[in-house]
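**Q** One structure coming up, written as structure tokens, with questions to follow.
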Amino acid sequence: MTTDVRTADPDQIFVRVVSAFGHLLHSAGVPVTPERSTRFGTSVALARPETVEEVYWLGRVTLLTGHDQVETYDRVFRQVFEGIIDFADFRGDSNAPAPPSSTPSGDRSPGDPERSGETPTGPRGTSATPGEKAEGDDGEEEDTSVLAAVSGDERLGERDFAVCTEEELALIKHLVDRLPLVPPPRTGRRLRRHPSGARLDVRGTLRRSHRTAGDPVDLVLRKRTQRPRRVVLIADVSGSMEPYARIYLHLMRGAVKALGAEAFVFATRLTRLTRALGLTHPDLAYRKALTAAPDWSGGTRIGSALAEFLDQFGRRGMARGAVVVIVSDGWEVDRPELVGESMQRLSRLAHHVIWVNPRKAAEAYEPLVGGMAAALPYVDTFVSGHSLKALEDVMEAIRAATDRSPAGRRVAA
């Protein structure tokens with residue numbers, strides 16, 4: 001027997017969701033018993049949670065028995081709760097705004113409403129307040145109890161980060177998690193046995209020839225192994241890049257966690273954020289990152305920041321053979337010649353240099369700004385990265401980073 005969400009009591013819908021959540025956890029391998037499911041439902045009924053984050057922690061403390069179950073719990077929780085339930089219906093007053101969150105505006109915990117698409121003005125993909133009639137409505141109330149989890153993806157794909165609202169940026173940060181982070185491969189020094197190898201393994205062949213009376217009928221071949229290439233991300237967090245800095249900080253954390261990448265930010269000076277962004281809890285990671293970079297939204301000194309990176313880290317090996325991604329609009333308050341000198345040094349060390357400039361998306365854009373004009377001759381791939389769709393070009397550029405020859409250089413749209 002099915003329940004029509006237009007007529008069903010919201011509490012009844014939520015009880016069914018809670019029950020289904022326990023079954024899904026059990027199917028995924030978490031030993032959830034009926035007693036623990038009852039305890040979770042009772043705690044939800046008593047606490048009357050107002051945000052998805054509160055439901056997340058209620059379930060985590062009542063349903064789990066070990067830390068090794070957290071990853072599975074997070075995955076199932078996102079599947080069940082993110083973008084599906086409108087918690088305005090369960091607060092008792094659908095017109096009341098959601099309470100302010102104490103979490104910083106960066107990445108949120110797995111159950112945070114901003115990650116799931118819920119906003120103070122309405123559920124994911126909508127701009128009207130729940131319970132109110134939109135303009136031009138002829139009297140029928142819209143169904144806001146159950147929402148599609150991908151309602152805003154296509155709409156936000158081409159939208160420039162600089163003109164997005166806080167609610168749209170929160171959804172974009174959630175969608176950034178889905179972008180594939182694949183490091184470019186490099187040929188390792190070690191050899192491994194492989195049927196299509198180009199080098200003969202003499203010892204292996206002789207050893208195997210004992211089976212055929214000393215006749216080397218079966219040749220053993222070896223080939224070089226493929227290893228992931230190091231990725232270094234250097235992002236401009238000056239005032240002119242502030243609308244994009246938050247999104248790229250979120251992307252940098254994902255690269256640090258998934259690829260073991262190195263992360264730096266700069267405005268008037270260079271700050272290494274690899275250790276801060278590598279912390280498990282996202283809120284703590286972003287808080288430490290913001291504390292470590294006191295020049296956030298300050299002036300721009302690209303040349304001195306790149307020179308500092310090369311002197312302290314690049315020449316010691318971090319930039320050697322690496323794919324270096326620089327995110328900046330190219331505005332330089334110091335001498336543009338210093339940017340050119342630093343980029344020339346970097347191009348000699350790095351395997352591939354990618355420059356991401358959100359201003360490139362403008363139709364009449366020309367790289368005439370002093371810093372950008374000085375850096376461009378030493379850039380292998382030039383992309384905009386101004387929107388969610390353009391971020392896919394950045395990911396593809398990292399994955400496909402190949403040679404340093406002039407023929408291999410390209411400029412993406």
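Order determines the names: the first chain of the structure tokens is A, the second B, and so forth; residues in each chain are numbered 1 upward, and ligands are numbered 1 upward as they are shown.
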Could you produce a table of the residues of stretch 220-239 of chain A lying within 12 Å of stretch 304-312 of chain A, with the nearest pair of atoms per residue and their separation in Å rounded to one decimal, using only C-alpha atoms, ordered by chain and increasing residue number, as a Markdown table?
**A**
| residue | atom | partner | partner_atom | distance |
| --- | --- | --- | --- | --- |
| A:Val232 | CA | A:Phe309 | CA | 10.7 |
| A:Leu233 | CA | A:Phe309 | CA | 11.2 |
| A:Ile234 | CA | A:Leu306 | CA | 8.8 |
| A:Ala235 | CA | A:Ala305 | CA | 10.4 |
| A:Asp236 | CA | A:Ala305 | CA | 9.6 |
| A:Val237 | CA | A:Ala305 | CA | 11.8 |
| A:Ser238 | CA | A:Ala305 | CA | 12.0 |
**Q** Write down as a PyMOL selection string the residues of stretch 154-353 of chain A whose backbone DSSP state falls under alpha helix (DSSP H).
**A** chain A and resi 154-156+166-176+202-209+242-259+274-277+282-292+302-309+336-349
**Q** Quick one: residues within 10 Å of stretch 249-265 of chain A, only C-alpha atoms counted, chain neighbours fewer than 4 positions away excluded, as JSON, numbers by chain?
**A** {"A": [106, 107, 173, 174, 176, 177, 179, 180, 181, 182, 183, 228, 229, 230, 231, 232, 233, 234, 235, 236, 237, 238, 244, 245, 269, 270, 271, 272, 273, 274, 275, 276, 277, 278, 279, 280, 282, 285, 286, 289, 290, 292, 293, 295, 296, 305, 309, 318, 319, 322, 323, 324, 325, 326, 327, 391]}
**Q** Would you work out the distance separating atom CA of A:Asp329 from atom CA of A:Glu392, expressed in Å to one decimal?
**A**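 Going from atom CA of A:Asp329 over to atom CA of A:Glu392 covers 18.6 Å.
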**Q** Pick out the closest residue to A:Thr62 from this set: A:Phe382, A:Phe40, A:Phe77, A:Tyr248. Count only C-alpha atoms.
**A**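 Of all the options, A:Phe40 lies closest to A:Thr62.
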**Q** Using DSSP on the backbone coordinates, identify all residues within stretch 183-371 of chain A classified as strand (DSSP E or B); present the result as a ChimeraX atom specification.
**A** /A:185-193,199-200,221-228,231-236,262-266,270-272,323-327,352-356
